Amino acid sequence: MRRLLFLLCCLFLAILPARSQQLGGGLMIGPTLSTMHIAGVDSTQFRADYCFGVRMALIPKRFILGAELDVIFSRQGTRMKQAVLENGDKVRWIEKSSYINIPLLLNVYFRKWREDDEDESRLIRLRVGPQIGFCLKGDEVESIKQPRKTVQNIHPWQLGTFNRIDYGMTVAVSYWYVEVRYTYGLSNVFKEGEKSTNHVISVTWSDIW
């Protein structure tokens, strides 16, 4: 898999700049829905958070293929199904993590650039490619719902228990200034225990220049 990702990166860098004639990009911001697939655990659920970042793109005017490199700060994690303690309190375990994600994407435009196109917002774009992520930190949160209040016990991830580097594959569909993106994690989040991978859906608003 790593060799394939490396070859894809080389292919993008070697071919696409020659085909592209315009540099574009912009800011990205929007909500995320993330979860973690943990082998042997069927109680993980999606949790909502946010992401923001910048995108830099090579936009073709006479071709349907382009390239894009993003740098995104992403709040991720998962949550477990709610359980009931012996005293009647309800408890839920939540994993929260922060990543800097850098996807390198092949952009497929569904039509060629027209003379009246001021930017790529009128073009439907399919984006696909590898992503590498760098975990900044993580917390395990024990949320206990009592009759009159909710108590949260926060346990930071200890160094050496999680992998700093995360990688996966990203696919997205964009139109106008809105993009829906899904990233399928391929590497383990935690170093020990069952296989654990990130899965993130984001809906972002991006201005284009």
# chains A, B, ... in the order shown; residues from 1 in each chain; ligands from 1
call {"tool": "select_by_dssp", "arguments": {"residues": "chain A", "states": "alpha helix (DSSP H)", "output": "VMD selection string"}}
result
chain A and resid 2 to 19
call {"tool": "closest_residue", "arguments": {"among": "A:Leu105, A:Ile144, A:Val189, A:Val173", "to": "A:Leu65", "atoms": "only C-alpha atoms"}}
result
A:Leu105
call {"tool": "residues_around", "arguments": {"residues": "A:Thr32", "least_positions_apart": "6", "cutoff": "8 Å", "atoms": "only C-alpha atoms", "output": "JSON, numbers by chain"}}
result
{"A": [48, 49, 50, 51, 74, 75, 76, 200, 201, 202, 203]}
call {"tool": "atom_distance", "arguments": {"atom1": "atom CA of A:Glu179", "atom2": "atom CA of A:Lys96"}}
result
23.6 Å
call {"tool": "residues_around", "arguments": {"residues": "A:Gln22", "least_positions_apart": "4", "cutoff": "10 Å", "atoms": "only C-alpha atoms", "output": "JSON, numbers by chain"}}
result
{"A": [17, 57, 58, 59, 60, 61, 66]}
call {"tool": "closest_residue", "arguments": {"among": "A:Arg62, A:Arg164, A:Arg92, A:Arg127", "to": "A:Arg114", "atoms": "only C-alpha atoms"}}
result
A:Arg62
call {"tool": "residues_around", "arguments": {"residues": "A:Gly138", "least_positions_apart": "2", "cutoff": "7 Å", "atoms": "only C-alpha atoms", "output": "PyMOL selection string"}}
result
chain A and resi 96-98+140+156-157
call {"tool": "residues_around", "arguments": {"residues": "A:Lys145", "least_positions_apart": "4", "cutoff": "12 Å", "atoms": "only C-alpha atoms", "output": "list in words"}}
result
Gln82, Ala83, Val84, Leu85, Asn87, Gly88, Asp89, Lys90, Val91, Arg92, Trp93, Lys149, Thr150, Val151, Gln152 and Asn153 of chain A
call {"tool": "closest_residue", "arguments": {"among": "A:Ile165, A:Thr204, A:Gly160, A:Tyr109", "to": "A:Ile72", "atoms": "only C-alpha atoms"}}
result
A:Thr204
call {"tool": "select_by_dssp", "arguments": {"residues": "chain A", "states": "strand (DSSP E or B)", "output": "ChimeraX atom specification"}}
result
/A:22-38,44-45,47-59,65-80,83-84,90-109,125-145,150-156,162,165-175,178-185,190,196-206
call {"tool": "atom_distance", "arguments": {"atom1": "atom CA of A:Ser196", "atom2": "atom CA of A:Val41"}}
result
9.7 Å
call {"tool": "decode", "arguments": {"residues": "stretch 70-109 of chain A", "atoms": "N, CA and C atoms", "output": "PDB file, in the first residue's frame"}}
result
ATOM      1  N   ASP A  70      -4.081  19.530   0.043  1.00  0.00           N
ATOM      2  CA  ASP A  70      -4.772  20.200   1.139  1.00  0.00           C
ATOM      3  C   ASP A  70      -3.975  20.057   2.433  1.00  0.00           C
ATOM      4  N   VAL A  71      -4.142  21.021   3.309  1.00  0.00           N
ATOM      5  CA  VAL A  71      -3.631  20.942   4.671  1.00  0.00           C
ATOM      6  C   VAL A  71      -4.811  21.264   5.587  1.00  0.00           C
ATOM      7  N   ILE A  72      -5.265  20.280   6.381  1.00  0.00           N
ATOM      8  CA  ILE A  72      -6.518  20.393   7.117  1.00  0.00           C
ATOM      9  C   ILE A  72      -6.313  20.032   8.587  1.00  0.00           C
ATOM     10  N   PHE A  73      -6.773  20.896   9.469  1.00  0.00           N
ATOM     11  CA  PHE A  73      -6.878  20.560  10.882  1.00  0.00           C
ATOM     12  C   PHE A  73      -8.236  19.907  11.098  1.00  0.00           C
ATOM     13  N   SER A  74      -8.237  18.707  11.651  1.00  0.00           N
ATOM     14  CA  SER A  74      -9.470  17.927  11.747  1.00  0.00           C
ATOM     15  C   SER A  74      -9.650  17.378  13.157  1.00  0.00           C
ATOM     16  N   ARG A  75     -10.824  17.646  13.732  1.00  0.00           N
ATOM     17  CA  ARG A  75     -11.205  17.082  15.030  1.00  0.00           C
ATOM     18  C   ARG A  75     -11.980  15.798  14.758  1.00  0.00           C
ATOM     19  N   GLN A  76     -11.500  14.672  15.296  1.00  0.00           N
ATOM     20  CA  GLN A  76     -12.053  13.369  14.973  1.00  0.00           C
ATOM     21  C   GLN A  76     -12.324  12.560  16.247  1.00  0.00           C
ATOM     22  N   GLY A  77     -12.601  11.278  16.049  1.00  0.00           N
ATOM     23  CA  GLY A  77     -12.821  10.396  17.187  1.00  0.00           C
ATOM     24  C   GLY A  77     -13.998   9.476  16.982  1.00  0.00           C
ATOM     25  N   THR A  78     -14.583   9.038  18.082  1.00  0.00           N
ATOM     26  CA  THR A  78     -15.751   8.164  18.043  1.00  0.00           C
ATOM     27  C   THR A  78     -16.423   8.213  19.412  1.00  0.00           C
ATOM     28  N   ARG A  79     -17.585   7.615  19.495  1.00  0.00           N
ATOM     29  CA  ARG A  79     -18.248   7.466  20.789  1.00  0.00           C
ATOM     30  C   ARG A  79     -18.897   6.096  20.857  1.00  0.00           C
ATOM     31  N   MET A  80     -19.037   5.603  22.069  1.00  0.00           N
ATOM     32  CA  MET A  80     -19.635   4.290  22.285  1.00  0.00           C
ATOM     33  C   MET A  80     -21.123   4.437  22.622  1.00  0.00           C
ATOM     34  N   LYS A  81     -21.835   3.332  22.517  1.00  0.00           N
ATOM     35  CA  LYS A  81     -23.235   3.343  22.919  1.00  0.00           C
ATOM     36  C   LYS A  81     -23.338   3.580  24.422  1.00  0.00           C
ATOM     37  N   GLN A  82     -24.395   4.242  24.803  1.00  0.00           N
ATOM     38  CA  GLN A  82     -24.594   4.554  26.222  1.00  0.00           C
ATOM     39  C   GLN A  82     -24.923   3.291  27.013  1.00  0.00           C
ATOM     40  N   ALA A  83     -24.305   3.191  28.195  1.00  0.00           N
ATOM     41  CA  ALA A  83     -24.543   2.051  29.087  1.00  0.00           C
ATOM     42  C   ALA A  83     -25.092   2.557  30.418  1.00  0.00           C
ATOM     43  N   VAL A  84     -25.659   1.653  31.211  1.00  0.00           N
ATOM     44  CA  VAL A  84     -26.239   2.010  32.504  1.00  0.00           C
ATOM     45  C   VAL A  84     -25.429   1.345  33.608  1.00  0.00           C
ATOM     46  N   LEU A  85     -24.984   2.163  34.569  1.00  0.00           N
ATOM     47  CA  LEU A  85     -24.236   1.644  35.705  1.00  0.00           C
ATOM     48  C   LEU A  85     -25.182   1.018  36.738  1.00  0.00           C
ATOM     49  N   GLU A  86     -24.593   0.341  37.727  1.00  0.00           N
ATOM     50  CA  GLU A  86     -25.400  -0.330  38.739  1.00  0.00           C
ATOM     51  C   GLU A  86     -26.228   0.647  39.564  1.00  0.00           C
ATOM     52  N   ASN A  87     -25.737   1.895  39.735  1.00  0.00           N
ATOM     53  CA  ASN A  87     -26.480   2.886  40.523  1.00  0.00           C
ATOM     54  C   ASN A  87     -27.526   3.630  39.696  1.00  0.00           C
ATOM     55  N   GLY A  88     -27.653   3.280  38.432  1.00  0.00           N
ATOM     56  CA  GLY A  88     -28.651   3.908  37.575  1.00  0.00           C
ATOM     57  C   GLY A  88     -28.119   5.038  36.722  1.00  0.00           C
ATOM     58  N   ASP A  89     -26.901   5.518  36.974  1.00  0.00           N
ATOM     59  CA  ASP A  89     -26.310   6.560  36.141  1.00  0.00           C
ATOM     60  C   ASP A  89     -26.007   6.008  34.749  1.00  0.00           C
ATOM     61  N   LYS A  90     -26.071   6.888  33.759  1.00  0.00           N
ATOM     62  CA  LYS A  90     -25.765   6.498  32.385  1.00  0.00           C
ATOM     63  C   LYS A  90     -24.350   6.953  32.035  1.00  0.00           C
ATOM     64  N   VAL A  91     -23.588   6.087  31.379  1.00  0.00           N
ATOM     65  CA  VAL A  91     -22.199   6.393  31.057  1.00  0.00           C
ATOM     66  C   VAL A  91     -21.952   6.161  29.564  1.00  0.00           C
ATOM     67  N   ARG A  92     -21.105   7.023  28.999  1.00  0.00           N
ATOM     68  CA  ARG A  92     -20.712   6.881  27.601  1.00  0.00           C
ATOM     69  C   ARG A  92     -19.217   7.189  27.492  1.00  0.00           C
ATOM     70  N   TRP A  93     -18.486   6.345  26.763  1.00  0.00           N
ATOM     71  CA  TRP A  93     -17.073   6.585  26.512  1.00  0.00           C
ATOM     72  C   TRP A  93     -16.912   7.248  25.152  1.00  0.00           C
ATOM     73  N   ILE A  94     -16.103   8.303  25.104  1.00  0.00           N
ATOM     74  CA  ILE A  94     -15.896   9.075  23.884  1.00  0.00           C
ATOM     75  C   ILE A  94     -14.395   9.223  23.638  1.00  0.00           C
ATOM     76  N   GLU A  95     -13.972   8.987  22.398  1.00  0.00           N
ATOM     77  CA  GLU A  95     -12.593   9.237  21.997  1.00  0.00           C
ATOM     78  C   GLU A  95     -12.565  10.520  21.170  1.00  0.00           C
ATOM     79  N   LYS A  96     -11.691  11.466  21.561  1.00  0.00           N
ATOM     80  CA  LYS A  96     -11.534  12.723  20.838  1.00  0.00           C
ATOM     81  C   LYS A  96     -10.080  12.860  20.410  1.00  0.00           C
ATOM     82  N   SER A  97      -9.856  13.216  19.161  1.00  0.00           N
ATOM     83  CA  SER A  97      -8.492  13.350  18.655  1.00  0.00           C
ATOM     84  C   SER A  97      -8.392  14.543  17.713  1.00  0.00           C
ATOM     85  N   SER A  98      -7.177  15.057  17.574  1.00  0.00           N
ATOM     86  CA  SER A  98      -6.896  16.190  16.688  1.00  0.00           C
ATOM     87  C   SER A  98      -5.803  15.785  15.710  1.00  0.00           C
ATOM     88  N   TYR A  99      -6.037  16.029  14.422  1.00  0.00           N
ATOM     89  CA  TYR A  99      -5.089  15.642  13.376  1.00  0.00           C
ATOM     90  C   TYR A  99      -4.806  16.817  12.443  1.00  0.00           C
ATOM     91  N   ILE A 100      -3.599  16.820  11.896  1.00  0.00           N
ATOM     92  CA  ILE A 100      -3.278  17.609  10.711  1.00  0.00           C
ATOM     93  C   ILE A 100      -3.236  16.625   9.551  1.00  0.00           C
ATOM     94  N   ASN A 101      -4.196  16.726   8.640  1.00  0.00           N
ATOM     95  CA  ASN A 101      -4.286  15.814   7.506  1.00  0.00           C
ATOM     96  C   ASN A 101      -3.843  16.497   6.220  1.00  0.00           C
ATOM     97  N   ILE A 102      -3.081  15.755   5.416  1.00  0.00           N
ATOM     98  CA  ILE A 102      -2.566  16.291   4.154  1.00  0.00           C
ATOM     99  C   ILE A 102      -2.909  15.312   3.035  1.00  0.00           C
ATOM    100  N   PRO A 103      -4.041  15.489   2.350  1.00  0.00           N
ATOM    101  CA  PRO A 103      -4.377  14.638   1.209  1.00  0.00           C
ATOM    102  C   PRO A 103      -3.808  15.198  -0.093  1.00  0.00           C
ATOM    103  N   LEU A 104      -3.362  14.308  -0.964  1.00  0.00           N
ATOM    104  CA  LEU A 104      -2.939  14.654  -2.322  1.00  0.00           C
ATOM    105  C   LEU A 104      -3.935  14.006  -3.269  1.00  0.00           C
ATOM    106  N   LEU A 105      -4.721  14.830  -3.958  1.00  0.00           N
ATOM    107  CA  LEU A 105      -5.887  14.334  -4.678  1.00  0.00           C
ATOM    108  C   LEU A 105      -5.785  14.558  -6.176  1.00  0.00           C
ATOM    109  N   LEU A 106      -6.225  13.572  -6.922  1.00  0.00           N
ATOM    110  CA  LEU A 106      -6.445  13.706  -8.351  1.00  0.00           C
ATOM    111  C   LEU A 106      -7.842  14.267  -8.554  1.00  0.00           C
ATOM    112  N   ASN A 107      -7.959  15.369  -9.284  1.00  0.00           N
ATOM    113  CA  ASN A 107      -9.256  15.995  -9.553  1.00  0.00           C
ATOM    114  C   ASN A 107      -9.718  15.629 -10.954  1.00  0.00           C
ATOM    115  N   VAL A 108     -10.911  15.071 -11.040  1.00  0.00           N
ATOM    116  CA  VAL A 108     -11.506  14.740 -12.332  1.00  0.00           C
ATOM    117  C   VAL A 108     -12.682  15.680 -12.553  1.00  0.00           C
ATOM    118  N   TYR A 109     -12.578  16.535 -13.569  1.00  0.00           N
ATOM    119  CA  TYR A 109     -13.639  17.483 -13.903  1.00  0.00           C
ATOM    120  C   TYR A 109     -14.570  16.844 -14.922  1.00  0.00           C
TER     121      TYR A 109
END
